[in-house]
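Structure data (compact mmCIF, C-alpha atoms and all ligand atoms) from coords-v6.txt:
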# COMPACT_ATOMS: atom_id res chain seq x y z
CA MET A 12 -4.52 -6.56 16.40
CA ASN A 13 -2.63 -9.52 17.81
CA LEU A 14 0.54 -7.82 19.09
CA ASN A 15 0.69 -5.67 22.21
CA GLN A 16 2.12 -2.15 22.24
CA GLU A 17 5.38 -3.28 23.84
CA THR A 18 6.01 -5.79 21.04
CA ILE A 19 5.13 -3.22 18.37
CA GLN A 20 7.65 -0.78 19.86
CA LYS A 21 10.31 -3.49 20.12
CA LEU A 22 9.87 -4.57 16.50
CA ALA A 23 9.86 -0.95 15.28
CA GLU A 24 13.13 -0.28 17.09
CA HIS A 25 14.62 -3.51 15.71
CA LEU A 26 13.71 -2.65 12.09
CA GLU A 27 14.67 1.01 12.38
CA ASN A 28 18.05 0.11 13.88
CA ALA A 29 18.62 -2.20 10.92
CA GLU A 30 17.83 0.71 8.57
CA LEU A 31 19.94 3.31 10.38
CA GLN A 32 22.93 1.03 10.99
CA ALA A 33 22.62 -0.80 7.64
CA PHE A 34 22.45 -4.41 8.82
CA ASP A 35 20.05 -7.07 7.67
CA VAL A 36 17.59 -9.07 9.77
CA VAL A 37 15.28 -12.02 9.22
CA LYS A 38 11.60 -11.49 8.51
CA ILE A 39 9.75 -10.69 11.71
CA THR A 40 6.76 -12.95 11.01
CA GLY A 41 9.14 -15.89 11.68
CA ASP A 42 9.01 -15.04 15.42
CA TYR A 43 5.53 -13.45 15.32
CA PRO A 44 3.44 -15.65 13.00
CA ASP A 45 0.17 -14.23 14.39
CA MET A 46 1.04 -10.67 13.38
CA ASP A 47 -1.86 -9.23 11.35
CA TRP A 48 -2.16 -6.36 8.81
CA GLU A 49 -3.03 -3.84 11.51
CA ASP A 50 0.03 -4.88 13.51
CA ALA A 51 2.19 -4.48 10.40
CA TYR A 52 1.02 -0.90 9.76
CA ALA A 53 1.22 -0.16 13.52
CA ILE A 54 4.92 -1.12 13.45
CA GLN A 55 5.44 1.10 10.38
CA ASN A 56 3.65 3.97 12.19
CA GLU A 57 5.82 3.48 15.24
CA ILE A 58 8.94 3.75 13.02
CA LEU A 59 7.49 7.02 11.69
CA ARG A 60 6.78 8.24 15.23
CA ARG A 61 10.40 7.56 16.19
CA LYS A 62 11.70 9.52 13.19
CA LEU A 63 9.36 12.47 13.80
CA ALA A 64 10.45 12.55 17.44
CA ARG A 65 14.04 12.98 16.24
CA GLY A 66 13.05 15.89 13.99
CA SER A 67 12.50 14.19 10.62
CA LYS A 68 9.68 15.51 8.44
CA VAL A 69 7.36 13.56 6.16
CA VAL A 70 7.95 14.70 2.56
CA GLY A 71 5.83 12.17 0.69
CA LEU A 72 4.11 8.82 0.50
CA LYS A 73 4.64 5.74 -1.62
CA ALA A 74 2.79 2.84 -3.10
CA GLY A 75 4.88 -0.27 -3.62
CA LEU A 76 4.51 -3.62 -5.34
CA THR A 77 2.10 -1.99 -7.80
CA SER A 78 3.43 -3.48 -11.03
CA PHE A 79 2.92 -7.00 -12.29
CA ALA A 80 6.71 -7.27 -12.77
CA LYS A 81 7.36 -6.34 -9.12
CA MET A 82 4.56 -8.57 -7.86
CA LYS A 83 6.02 -11.47 -9.80
CA GLN A 84 9.57 -10.63 -8.66
CA MET A 85 8.45 -10.65 -5.02
CA GLY A 86 5.79 -13.40 -5.24
CA VAL A 87 2.90 -11.22 -3.94
CA THR A 88 -0.43 -9.98 -5.29
CA THR A 89 -1.31 -6.83 -3.27
CA PRO A 90 0.14 -3.28 -3.22
CA VAL A 91 1.63 -1.86 -0.02
CA PHE A 92 2.00 1.71 1.26
CA GLY A 93 4.68 3.61 3.13
CA PHE A 94 6.04 7.04 4.03
CA LEU A 95 9.02 9.11 2.84
CA VAL A 96 10.95 11.43 5.16
CA ASP A 97 13.31 14.31 4.44
CA TYR A 98 16.63 12.46 4.68
CA PHE A 99 15.49 9.93 2.03
CA SER A 100 15.56 12.72 -0.58
CA VAL A 101 18.61 12.88 -2.88
CA PRO A 102 19.05 15.77 -5.35
CA ASP A 103 18.85 15.02 -9.06
CA GLY A 104 22.35 13.95 -10.15
CA GLY A 105 23.37 13.45 -6.53
CA GLU A 106 25.48 10.81 -4.83
CA ILE A 107 24.21 8.00 -2.62
CA LYS A 108 26.61 6.32 -0.22
CA HIS A 109 26.24 2.61 -0.84
CA SER A 110 27.86 1.85 2.54
CA GLU A 111 24.93 3.56 4.32
CA LEU A 112 22.58 0.97 2.78
CA ILE A 113 22.36 -2.82 2.91
CA HIS A 114 21.69 -4.05 -0.65
CA PRO A 115 20.02 -1.21 -2.56
CA LYS A 116 17.98 -1.65 -5.73
CA VAL A 117 16.56 1.05 -8.01
CA GLU A 118 13.07 1.36 -9.45
CA PRO A 119 11.71 3.69 -12.18
CA GLU A 120 8.59 5.48 -10.98
CA ILE A 121 6.03 8.02 -12.16
CA VAL A 122 5.68 10.48 -9.30
CA PHE A 123 2.45 12.39 -8.60
CA VAL A 124 2.12 15.71 -6.79
CA THR A 125 -1.43 16.57 -5.75
CA LYS A 126 -3.13 19.97 -5.73
CA LYS A 127 -6.32 18.81 -3.98
CA ALA A 128 -6.92 16.37 -1.14
CA LEU A 129 -7.91 12.82 -2.10
CA LYS A 130 -10.23 10.92 0.17
CA GLY A 131 -11.51 7.36 -0.03
CA PRO A 132 -13.38 5.11 0.04
CA GLY A 133 -14.32 4.99 -3.59
CA CYS A 134 -11.41 7.08 -4.85
CA HIS A 135 -10.83 6.33 -8.57
CA ILE A 136 -8.40 7.40 -11.28
CA GLY A 137 -10.72 10.20 -12.44
CA ALA A 138 -10.55 11.79 -8.99
CA VAL A 139 -6.78 11.26 -8.89
CA LEU A 140 -6.20 12.90 -12.29
CA ALA A 141 -8.46 15.84 -11.36
CA ALA A 142 -6.49 16.29 -8.12
CA THR A 143 -3.04 15.97 -9.73
CA ASP A 144 -0.97 19.13 -9.97
CA PHE A 145 1.79 17.47 -12.04
CA VAL A 146 3.72 14.26 -12.56
CA MET A 147 7.48 13.82 -12.86
CA PRO A 148 10.10 11.04 -13.06
CA GLY A 149 11.50 9.56 -9.86
CA ILE A 150 14.08 6.89 -9.05
CA GLU A 151 13.20 5.03 -5.88
CA ILE A 152 16.06 3.35 -4.06
CA ILE A 153 14.64 0.45 -2.05
CA ASP A 154 16.68 -1.36 0.57
CA SER A 155 14.74 -4.09 2.35
CA ARG A 156 16.11 -4.64 5.81
CA TYR A 157 15.39 -8.36 5.30
CA ARG A 158 18.23 -10.65 4.33
CA ASP A 159 18.34 -11.26 0.56
CA PHE A 160 14.99 -9.40 0.16
CA LYS A 161 13.29 -12.52 1.59
CA PHE A 162 10.07 -11.49 3.27
CA ASP A 163 6.30 -11.74 3.28
CA LEU A 164 3.89 -8.85 2.82
CA LYS A 165 3.31 -8.15 6.52
CA SER A 166 7.04 -8.06 7.24
CA VAL A 167 7.55 -5.66 4.31
CA ILE A 168 4.80 -3.30 5.48
CA ALA A 169 6.30 -3.19 8.97
CA ASP A 170 9.66 -2.31 7.34
CA ASN A 171 8.08 0.78 5.71
CA CYS A 172 8.00 -1.06 2.38
CA SER A 173 11.79 -1.06 2.00
CA SER A 174 11.84 2.76 1.68
CA SER A 175 15.31 4.18 1.71
CA ARG A 176 16.09 7.03 -0.74
CA PHE A 177 14.50 8.71 -3.77
CA VAL A 178 15.51 11.11 -6.53
CA LEU A 179 13.07 13.41 -8.32
CA GLY A 180 13.76 15.36 -11.50
CA GLY A 181 12.65 16.01 -15.05
CA GLN A 182 9.72 18.23 -15.97
CA MET A 183 6.75 19.13 -13.78
CA THR A 184 4.19 17.84 -16.30
CA PRO A 185 0.44 18.47 -16.02
CA VAL A 186 -1.59 15.34 -16.80
CA ASP A 187 -4.08 17.05 -19.15
CA GLY A 188 -3.70 15.65 -22.63
CA ILE A 189 -1.17 12.94 -21.81
CA ASP A 190 -1.90 9.25 -21.47
CA LEU A 191 0.17 8.02 -18.52
CA ARG A 192 -0.39 4.42 -19.62
CA THR A 193 1.58 4.72 -22.83
CA LEU A 194 4.53 6.75 -21.54
CA GLY A 195 7.73 4.82 -22.21
CA VAL A 196 10.04 4.23 -19.24
CA VAL A 197 13.74 3.47 -19.70
CA MET A 198 16.14 3.02 -16.79
CA GLU A 199 19.85 2.94 -17.58
CA LYS A 200 22.74 1.70 -15.48
CA ASN A 201 26.13 3.01 -16.61
CA GLY A 202 24.64 4.05 -19.96
CA GLU A 203 23.02 0.69 -20.73
CA PRO A 204 19.22 0.23 -20.60
CA VAL A 205 18.55 -2.29 -17.80
CA ALA A 206 14.79 -1.94 -17.34
CA ILE A 207 12.22 -0.92 -19.93
CA GLY A 208 8.51 -0.46 -19.40
CA ALA A 209 5.49 1.79 -19.73
CA GLY A 210 3.14 3.54 -17.32
CA ALA A 211 0.48 0.87 -17.77
CA ALA A 212 2.76 -1.64 -16.03
CA VAL A 213 1.60 0.00 -12.77
CA LEU A 214 -1.82 -1.56 -12.14
CA GLY A 215 -2.93 -0.75 -15.71
CA HIS A 216 -2.66 3.02 -15.00
CA PRO A 217 -0.33 4.61 -12.41
CA ALA A 218 -3.18 6.80 -11.06
CA THR A 219 -4.75 3.53 -9.83
CA ALA A 220 -1.92 3.22 -7.30
CA ILE A 221 -2.71 6.70 -5.94
CA ALA A 222 -6.43 5.86 -5.71
CA ALA A 223 -5.53 2.64 -3.88
CA LEU A 224 -3.47 4.68 -1.39
CA ALA A 225 -6.41 7.06 -0.77
CA ASN A 226 -8.72 4.08 -0.24
CA HIS A 227 -6.19 2.46 2.09
CA LEU A 228 -5.87 5.65 4.21
CA ALA A 229 -9.67 5.92 4.41
CA GLN A 230 -9.68 2.80 6.62
CA TYR A 231 -7.86 4.92 9.23
CA GLY A 232 -10.01 8.03 8.64
CA GLU A 233 -7.11 9.71 6.81
CA GLU A 234 -6.74 11.32 3.38
CA ILE A 235 -3.95 12.31 1.00
CA PRO A 236 -3.55 16.06 1.63
CA ALA A 237 -3.19 18.60 -1.19
CA GLY A 238 0.46 19.14 -2.06
CA THR A 239 1.52 15.53 -1.39
CA MET A 240 4.27 13.91 -3.43
CA ILE A 241 3.60 10.21 -4.05
CA LEU A 242 5.73 7.52 -5.69
CA SER A 243 3.29 5.35 -7.63
CA GLY A 244 5.49 2.24 -7.72
CA GLY A 245 8.17 0.70 -9.94
CA ALA A 246 7.13 0.29 -13.56
CA THR A 247 9.63 -2.58 -13.95
CA GLU A 248 11.46 -5.04 -11.75
CA ALA A 249 13.93 -3.47 -9.31
CA VAL A 250 17.61 -3.51 -10.37
CA SER A 251 20.55 -4.05 -7.95
CA VAL A 252 23.26 -1.40 -7.80
CA ALA A 253 26.88 -1.38 -6.64
CA PRO A 254 29.31 1.41 -5.71
CA GLY A 255 30.35 3.25 -8.88
CA ASP A 256 27.04 2.70 -10.69
CA ASN A 257 25.34 5.63 -12.43
CA VAL A 258 21.58 5.34 -12.82
CA THR A 259 19.48 7.45 -15.20
CA LEU A 260 15.73 7.25 -15.58
CA ARG A 261 14.11 8.61 -18.76
CA ILE A 262 10.35 8.83 -19.00
CA GLN A 263 8.76 9.89 -22.28
CA THR A 264 7.45 13.50 -22.06
CA LEU A 265 8.39 13.77 -18.34
CA GLY A 266 12.17 14.02 -18.81
CA SER A 267 14.95 12.37 -16.83
CA CYS A 268 16.68 12.20 -13.47
CA SER A 269 19.80 10.44 -12.27
CA CYS A 270 21.97 9.46 -9.32
CA ARG A 271 25.32 7.87 -8.64
CA PHE A 272 26.28 5.26 -6.05
CA VAL A 273 29.62 5.89 -4.36
O1 LIG B 301 8.62 0.25 -3.71
C1 LIG B 301 8.41 -0.96 -3.79
O2 LIG B 301 7.74 -1.47 -4.72
C2 LIG B 301 9.02 -1.85 -2.76
C3 LIG B 301 8.01 -2.47 -1.90
C4 LIG B 301 8.65 -3.41 -0.92
C5 LIG B 301 9.12 -4.70 -1.50
C6 LIG B 301 10.52 -4.65 -1.99
O3 LIG B 301 11.45 -4.43 -1.20
O4 LIG B 301 10.73 -4.91 -3.17
MG MG B 302 8.92 1.65 -5.33
The structure given in the file should be rewritten as structure tokens.
Ligand code: 0L1
Ligand code: MG
Amino acid sequence: MNLNQETIQKLAEHLENAELQAFDVVKITGDYPDMDWEDAYAIQNEILRRKLARGSKVVGLKAGLTSFAKMKQMGVTTPVFGFLVDYFSVPDGGEIKHSELIHPKVEPEIVFVTKKALKGPGCHIGAVLAATDFVMPGIEIIDSRYRDFKFDLKSVIADNCSSSRFVLGGQMTPVDGIDLRTLGVVMEKNGEPVAIGAGAAVLGHPATAIAALANHLAQYGEEIPAGTMILSGGATEAVSVAPGDNVTLRIQTLGSCSCRFV
């Protein structure tokens, strides 16, 4: 690690204030070019610690930047991982106040819920599928705290990977007998398809993103506990939304979910 604890706390407060008060900031590596990967996750963990201290609960985890479309959109080559807390959750068909966010975008995701713990290193898609209770559709609402979504990977990790809100819905679908790679994904904005993809867009198979998360946590001696909900990453590029927009995600076999920006 290159940053001291005081700096980590200061940067966590800075980024969390930007999230809670909905203002944008410039990427933090501009002022702290020596920040390393451990520092980036330490800042993210400090943001989590602050939220837990105020009574928030962790309700899931996420993998981000897992599709080739997203990697290309953001100019990066590696996935990132973050946490989801209770107030990020929006009911299916629910409203999201655009004014509480900075510049939200929506992503269509295949969501996993585990029934057994997953532990790396060496976690692979076979282990993930065996440990999956069910999958379902999820819309992730990302809202980078960085001006115009301009960042580098370390800045994004520190910012909890742009996590902001999510909507789950559709059918709780067991993975036996379905090929997650070939499931069609259609995201509509105001009734028009705006992003179209398939499960394989996420690292070739969306379970790969869950295995990557387990292998990432193993570096810290942690695992994915049984009963964890995990967003596997956008299957297409993220799409900007404005007040008044209705978003519906349809995933073949898994059903649909929706939300409205007000
Ligand atoms: O969930 C995601 O793929 C987002 C990761 C962070 C980068 C971004 O804001 O697009
Ligand atoms: Mg995402």
Nearby residues, ligand MG 302 (chain B), 10 Å, all atoms listed in the file, as a PyMOL selection string:
chain A and resi 73-78+81+91-93+116-121+149-153+172-175+177+242-249
So that all listed atoms of ligand LIG 301 (chain B) fit with 6 Å spare on each side, what axis-aligned box centre and edge lengths in Å, to one decimal, would you give as lines of an AutoDock Vina configuration file?
center_x = 9.6
center_y = -2.3
center_z = -2.8
size_x = 15.7
size_y = 17.2
size_z = 15.8
Across A:Met82, A:Ile58, A:Ala128, A:Val273, the smallest distance to ligand LIG 301 (chain B), with only C-alpha atoms and all ligand atoms counted, is shown by A:Met82
Which residue out of A:Glu111, A:Glu24, A:Glu49, A:Asp170 has the minimum interatomic distance to ligand LIG 301 (chain B) when all atoms listed in the file are used?
A:Asp170
Counting only C-alpha atoms and all ligand atoms, which residue out of A:Gly71, A:Pro44, A:Pro90, A:Gly104 sits closest to ligand LIG 301 (chain B)?
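Ranked by minimum distance to ligand LIG 301 (chain B), first place goes to A:Pro90.
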Looking at all atoms listed in the file, which of A:Thr239, A:Thr89, A:Ser155, A:Asn201 is the one that sits closest to Val167 (chain A)?
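Between A:Thr239, A:Thr89, A:Ser155, A:Asn201, the residue approaching Val167 (chain A) most closely is A:Ser155.
With all atoms listed in the file as the atoms that count, the residue of A:Asn171, A:Gln55, A:Asn13, A:Ser267 with the shortest distance to ligand LIG 301 (chain B) is A:Asn171.
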Separation of CA of Thr219 (chain A) from CA of His135 (chain A), in Å and rounded to one decimal
6.8 Å
Pick the closest to Thr143 (chain A) from A:Pro236, A:Pro204, A:Gly215, A:Pro115: which is it, counting only C-alpha atoms?
A:Pro236
Contacts of Ile113 (chain A) at 9 Å or less, counting only C-alpha atoms, minus same-chain residues fewer than 6 places along, as a list in words?
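The neighbour list is Ala29, Glu30, Gln32, Ala33, Phe34, Asp35, Asp154, Ser155, Arg156 and Arg158 of chain A.
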Those residues with C-alpha atoms, as a compact mmCIF listing (two decimals), keeping the file's coordinate frame please?
# COMPACT_ATOMS: atom_id res chain seq x y z
CA ALA A 29 18.62 -2.20 10.92
CA GLU A 30 17.83 0.71 8.57
CA GLN A 32 22.93 1.03 10.99
CA ALA A 33 22.62 -0.80 7.64
CA PHE A 34 22.45 -4.41 8.82
CA ASP A 35 20.05 -7.07 7.67
CA ASP A 154 16.68 -1.36 0.57
CA SER A 155 14.74 -4.09 2.35
CA ARG A 156 16.11 -4.64 5.81
CA ARG A 158 18.23 -10.65 4.33
Please report the interatomic distance between CA of Gly137 (chain A) and CA of Arg261 (chain A) in Å with one decimal.
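Rounded to one decimal, the two atoms are 25.7 Å apart.
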Quick one: residues within 10 Å of Leu228 (chain A), all atoms listed in the file, excluding same-chain residues fewer than 5 positions away - as an MDAnalysis selection string?
chainID A and resid 92 129:132 222:223 233:235
Could you work out how far CA of Gly180 (chain A) lies from CA of Gly208 (chain A), giving the answer in Å with one decimal?
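Pair CA of Gly208 (chain A) / CA of Gly180 (chain A) returns 18.4 Å.
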Near-Thr18 (chain A) list (12 Å; all atoms listed in the file; drop same-chain fewer than 3 positions) as a ChimeraX atom specification
/A:12-15,21-25,39,42-43,46,50-51,53-54,57
